[in-house]
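Shown next: work.pdb, containing PDB, C-alpha atoms, pLDDT in the B column.
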```
ATOM      1  CA  MET V 469      -2.215  44.681  -8.587  1.00 51.00           C
ATOM      2  CA  ARG V 470      -1.438  47.617  -6.364  1.00 53.00           C
ATOM      3  CA  ALA V 471       1.625  47.587  -4.095  1.00 59.00           C
ATOM      4  CA  GLY V 472       1.049  46.978  -0.402  1.00 57.00           C
ATOM      5  CA  ARG V 473      -2.296  45.230  -0.905  1.00 52.00           C
ATOM      6  CA  LEU V 474      -2.921  42.365   1.566  1.00 59.00           C
ATOM      7  CA  ILE V 475      -6.006  40.772   0.032  1.00 61.00           C
ATOM      8  CA  ALA V 476      -6.102  38.311  -2.872  1.00 60.00           C
ATOM      9  CA  PRO V 477      -6.367  39.789  -6.370  1.00 56.00           C
ATOM     10  CA  SER V 478      -9.693  39.675  -8.142  1.00 58.00           C
ATOM     11  CA  PRO V 479     -10.324  36.991 -10.800  1.00 57.00           C
ATOM     12  CA  ARG V 480      -9.999  39.627 -13.536  1.00 57.00           C
ATOM     13  CA  GLU V 481      -6.498  40.475 -12.329  1.00 54.00           C
ATOM     14  CA  VAL V 482      -5.455  36.804 -12.238  1.00 52.00           C
ATOM     15  CA  ALA V 483      -7.085  34.972 -15.182  1.00 52.00           C
ATOM     16  CA  LYS V 484      -5.458  35.294 -18.590  1.00 50.00           C
ATOM     17  CA  GLY V 485      -7.154  32.809 -20.952  1.00 49.00           C
ATOM     18  CA  SER V 486      -6.133  29.215 -20.204  1.00 51.00           C
ATOM     19  CA  GLN V 487      -3.114  30.391 -18.245  1.00 55.00           C
ATOM     20  CA  THR V 488      -3.253  31.853 -14.795  1.00 54.00           C
ATOM     21  CA  THR V 489      -0.745  34.065 -13.075  1.00 54.00           C
ATOM     22  CA  THR V 490      -0.052  33.952  -9.394  1.00 59.00           C
ATOM     23  CA  GLU V 491       2.375  36.484  -8.014  1.00 67.00           C
ATOM     24  CA  GLY V 492       4.025  36.783 -11.439  1.00 67.00           C
ATOM     25  CA  VAL V 493       4.300  33.004 -12.085  1.00 70.00           C
ATOM     26  CA  ARG V 494       2.421  31.487 -15.020  1.00 70.00           C
ATOM     27  CA  VAL V 495       0.920  28.055 -14.441  1.00 66.00           C
ATOM     28  CA  LYS V 496      -0.593  25.819 -17.116  1.00 70.00           C
ATOM     29  CA  THR V 497      -2.965  23.159 -15.903  1.00 66.00           C
ATOM     30  CA  ALA V 498      -3.488  19.839 -17.694  1.00 64.00           C
ATOM     31  CA  LYS V 499      -5.650  16.792 -17.183  1.00 62.00           C
ATOM     32  CA  SER V 500      -4.178  13.897 -15.214  1.00 62.00           C
ATOM     33  CA  ARG V 501      -2.926  11.092 -17.448  1.00 62.00           C
ATOM     34  CA  GLY V 502      -2.406   8.428 -14.761  1.00 62.00           C
ATOM     35  CA  ALA V 503      -6.029   7.446 -14.124  1.00 66.00           C
ATOM     36  CA  ARG V 504      -5.519   3.781 -15.099  1.00 71.00           C
ATOM     37  CA  VAL V 505      -2.406   3.496 -12.951  1.00 71.00           C
ATOM     38  CA  ASN V 506      -4.243   4.915  -9.962  1.00 78.00           C
ATOM     39  CA  GLU V 507      -7.055   2.383 -10.380  1.00 83.00           C
ATOM     40  CA  SER V 508      -4.792  -0.674 -10.643  1.00 87.00           C
ATOM     41  CA  ALA V 509      -2.279   0.271  -7.930  1.00 89.00           C
ATOM     42  CA  PRO V 510      -4.295  -1.169  -4.991  1.00 91.00           C
ATOM     43  CA  MET V 511      -4.742  -4.465  -6.826  1.00 92.00           C
ATOM     44  CA  ILE V 512      -1.009  -4.742  -7.492  1.00 93.00           C
ATOM     45  CA  VAL V 513      -0.158  -3.991  -3.857  1.00 94.00           C
ATOM     46  CA  ARG V 514      -2.720  -6.514  -2.586  1.00 95.00           C
ATOM     47  CA  LEU V 515      -1.392  -9.249  -4.887  1.00 96.00           C
ATOM     48  CA  ALA V 516       2.214  -8.618  -3.882  1.00 96.00           C
ATOM     49  CA  GLN V 517       1.519  -8.425  -0.157  1.00 96.00           C
ATOM     50  CA  GLY V 518      -0.906 -11.360  -0.187  1.00 96.00           C
ATOM     51  CA  SER V 519       1.446 -13.635  -2.097  1.00 96.00           C
ATOM     52  CA  LEU V 520       4.313 -12.838   0.276  1.00 96.00           C
ATOM     53  CA  MET V 521       2.166 -13.616   3.324  1.00 96.00           C
ATOM     54  CA  ALA V 522       0.704 -16.804   1.812  1.00 96.00           C
ATOM     55  CA  GLY V 523       4.179 -17.983   0.838  1.00 96.00           C
ATOM     56  CA  HIS V 524       5.467 -17.402   4.355  1.00 95.00           C
ATOM     57  CA  GLY V 525       2.516 -19.318   5.806  1.00 96.00           C
ATOM     58  CA  ALA V 526       3.096 -22.150   3.307  1.00 96.00           C
ATOM     59  CA  GLN V 527       6.687 -22.385   4.530  1.00 95.00           C
ATOM     60  CA  LYS V 528       5.459 -22.868   8.093  1.00 94.00           C
ATOM     61  CA  LEU V 529       2.662 -25.300   7.271  1.00 94.00           C
ATOM     62  CA  PHE V 530       3.900 -27.381   4.348  1.00 94.00           C
ATOM     63  CA  GLY V 531       7.640 -26.787   4.156  1.00 94.00           C
ATOM     64  CA  SER V 532       7.252 -25.116   0.759  1.00 92.00           C
ATOM     65  CA  PHE V 533      10.008 -22.895  -0.690  1.00 92.00           C
ATOM     66  CA  GLY V 534      12.632 -24.425   1.596  1.00 93.00           C
ATOM     67  CA  GLY V 535      10.725 -23.677   4.808  1.00 93.00           C
ATOM     68  CA  PRO V 536      10.933 -25.652   8.050  1.00 93.00           C
ATOM     69  CA  GLY V 537       7.463 -27.176   7.777  1.00 94.00           C
ATOM     70  CA  LEU V 538       5.203 -27.883  10.712  1.00 94.00           C
ATOM     71  CA  GLU V 539       7.827 -29.855  12.648  1.00 94.00           C
ATOM     72  CA  GLY V 540      10.451 -27.119  12.421  1.00 95.00           C
ATOM     73  CA  THR V 541       7.964 -24.394  13.251  1.00 94.00           C
ATOM     74  CA  SER V 542       6.626 -26.287  16.281  1.00 95.00           C
ATOM     75  CA  GLY V 543      10.208 -26.848  17.470  1.00 95.00           C
ATOM     76  CA  PHE V 544      10.878 -23.114  17.187  1.00 95.00           C
ATOM     77  CA  MET V 545       7.680 -22.283  19.066  1.00 94.00           C
ATOM     78  CA  GLU V 546       8.717 -24.573  21.938  1.00 95.00           C
ATOM     79  CA  MET V 547      12.223 -23.098  21.915  1.00 95.00           C
ATOM     80  CA  VAL V 548      10.863 -19.591  22.521  1.00 95.00           C
ATOM     81  CA  GLY V 549       8.653 -20.825  25.354  1.00 94.00           C
ATOM     82  CA  MET V 550       5.317 -21.376  23.619  1.00 92.00           C
ATOM     83  CA  SER V 551       4.508 -24.937  24.614  1.00 89.00           C
ATOM     84  CA  PRO V 552       2.994 -27.086  23.342  1.00 94.00           C
ATOM     85  CA  GLY V 553       4.489 -25.890  20.067  1.00 93.00           C
ATOM     86  CA  ARG V 554       2.342 -27.807  17.575  1.00 94.00           C
ATOM     87  CA  PRO V 555      -0.960 -25.888  18.122  1.00 95.00           C
ATOM     88  CA  TRP V 556       0.917 -22.581  18.039  1.00 95.00           C
ATOM     89  CA  ALA V 557       2.649 -23.616  14.806  1.00 95.00           C
ATOM     90  CA  TYR V 558      -0.710 -24.529  13.261  1.00 95.00           C
ATOM     91  CA  LEU V 559      -2.142 -21.203  14.369  1.00 95.00           C
ATOM     92  CA  ALA V 560       0.811 -19.163  13.059  1.00 95.00           C
ATOM     93  CA  GLY V 561       1.019 -20.956   9.712  1.00 95.00           C
ATOM     94  CA  LEU V 562      -2.709 -21.052   9.117  1.00 96.00           C
ATOM     95  CA  SER V 563      -3.237 -17.392   9.995  1.00 97.00           C
ATOM     96  CA  GLU V 564      -0.451 -16.277   7.655  1.00 96.00           C
ATOM     97  CA  PHE V 565      -1.528 -18.552   4.806  1.00 97.00           C
ATOM     98  CA  ALA V 566      -5.256 -17.740   5.093  1.00 97.00           C
ATOM     99  CA  GLY V 567      -4.564 -14.037   5.654  1.00 97.00           C
ATOM    100  CA  GLY V 568      -2.387 -13.903   2.555  1.00 96.00           C
ATOM    101  CA  MET V 569      -4.927 -15.721   0.424  1.00 96.00           C
ATOM    102  CA  GLY V 570      -7.714 -13.470   1.725  1.00 96.00           C
ATOM    103  CA  GLY V 571      -5.613 -10.384   1.086  1.00 94.00           C
ATOM    104  CA  MET V 572      -5.228 -11.309  -2.563  1.00 92.00           C
ATOM    105  CA  MET V 573      -8.986 -11.529  -3.113  1.00 87.00           C
TER     106      MET V 573
END
```

Will you turn the file into structure tokens for me?
Amino acid sequence: MRAGRLIAPSPREVAKGSQTTTEGVRVKTAKSRGARVNESAPMIVRLAQGSLMAGHGAQKLFGSFGGPGLEGTSGFMEMVGMSPGRPWAYLAGLSEFAGGMGGMM
């Protein structure tokens, strides 16, 4: 490459077999090895996120995992000014539980 040149070098100046040089740096390219990880990553994220949401909804609806259940959730809804609290508790618990289960599918 000539000094002071502002355009990119030609392919003949750059390519050297399987290695390429760019501004004096040699770079070896290899195939990606993580193809299986990249395919399963969305499934793992969906399962984790869906199970967390479904568990939180189950706490509100059924009192599972030490949750307040429907009575405690409806009491909280009324305390924050959403009265009557029971329909809002059903709506909150059911949307979280169904959304979590749907997210896992």

Could you give me, as a ChimeraX atom specification, the residues within 10 Å of region 531-547 of chain V, counting all atoms listed in the file and dropping anything in the same chain fewer than 6 positions from it? /V:523-525,553-558,560-561

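The coordinates place CA of Arg504 (chain V) at 29.5 Å from CA of Ala566 (chain V).
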
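Note that CA of Ser519 (chain V) and CA of Pro552 (chain V) are 28.8 Å apart.
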
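Coordinates place CA of Gly570 (chain V) at a distance of 10.0 Å from CA of Met521 (chain V).
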
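Among the candidates V:Gly549, V:Ala522, V:Val505, V:Phe530, the one nearest to Phe565 (chain V) when counting all atoms listed in the file is V:Ala522.
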
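By chain and then residue number, the residues within 10 Å of region 508-512 of chain V are Ala503, Gln517, Gly518, Gly571, Met572 and Met573 of chain V, counting only C-alpha atoms and disregarding those fewer than 5 positions away in sequence.
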
Have a look at V:Asn506, V:Leu562, V:Lys496, V:Leu515 and name the one nearest to Gln527 (chain V); count all atoms listed in the file. V:Leu562
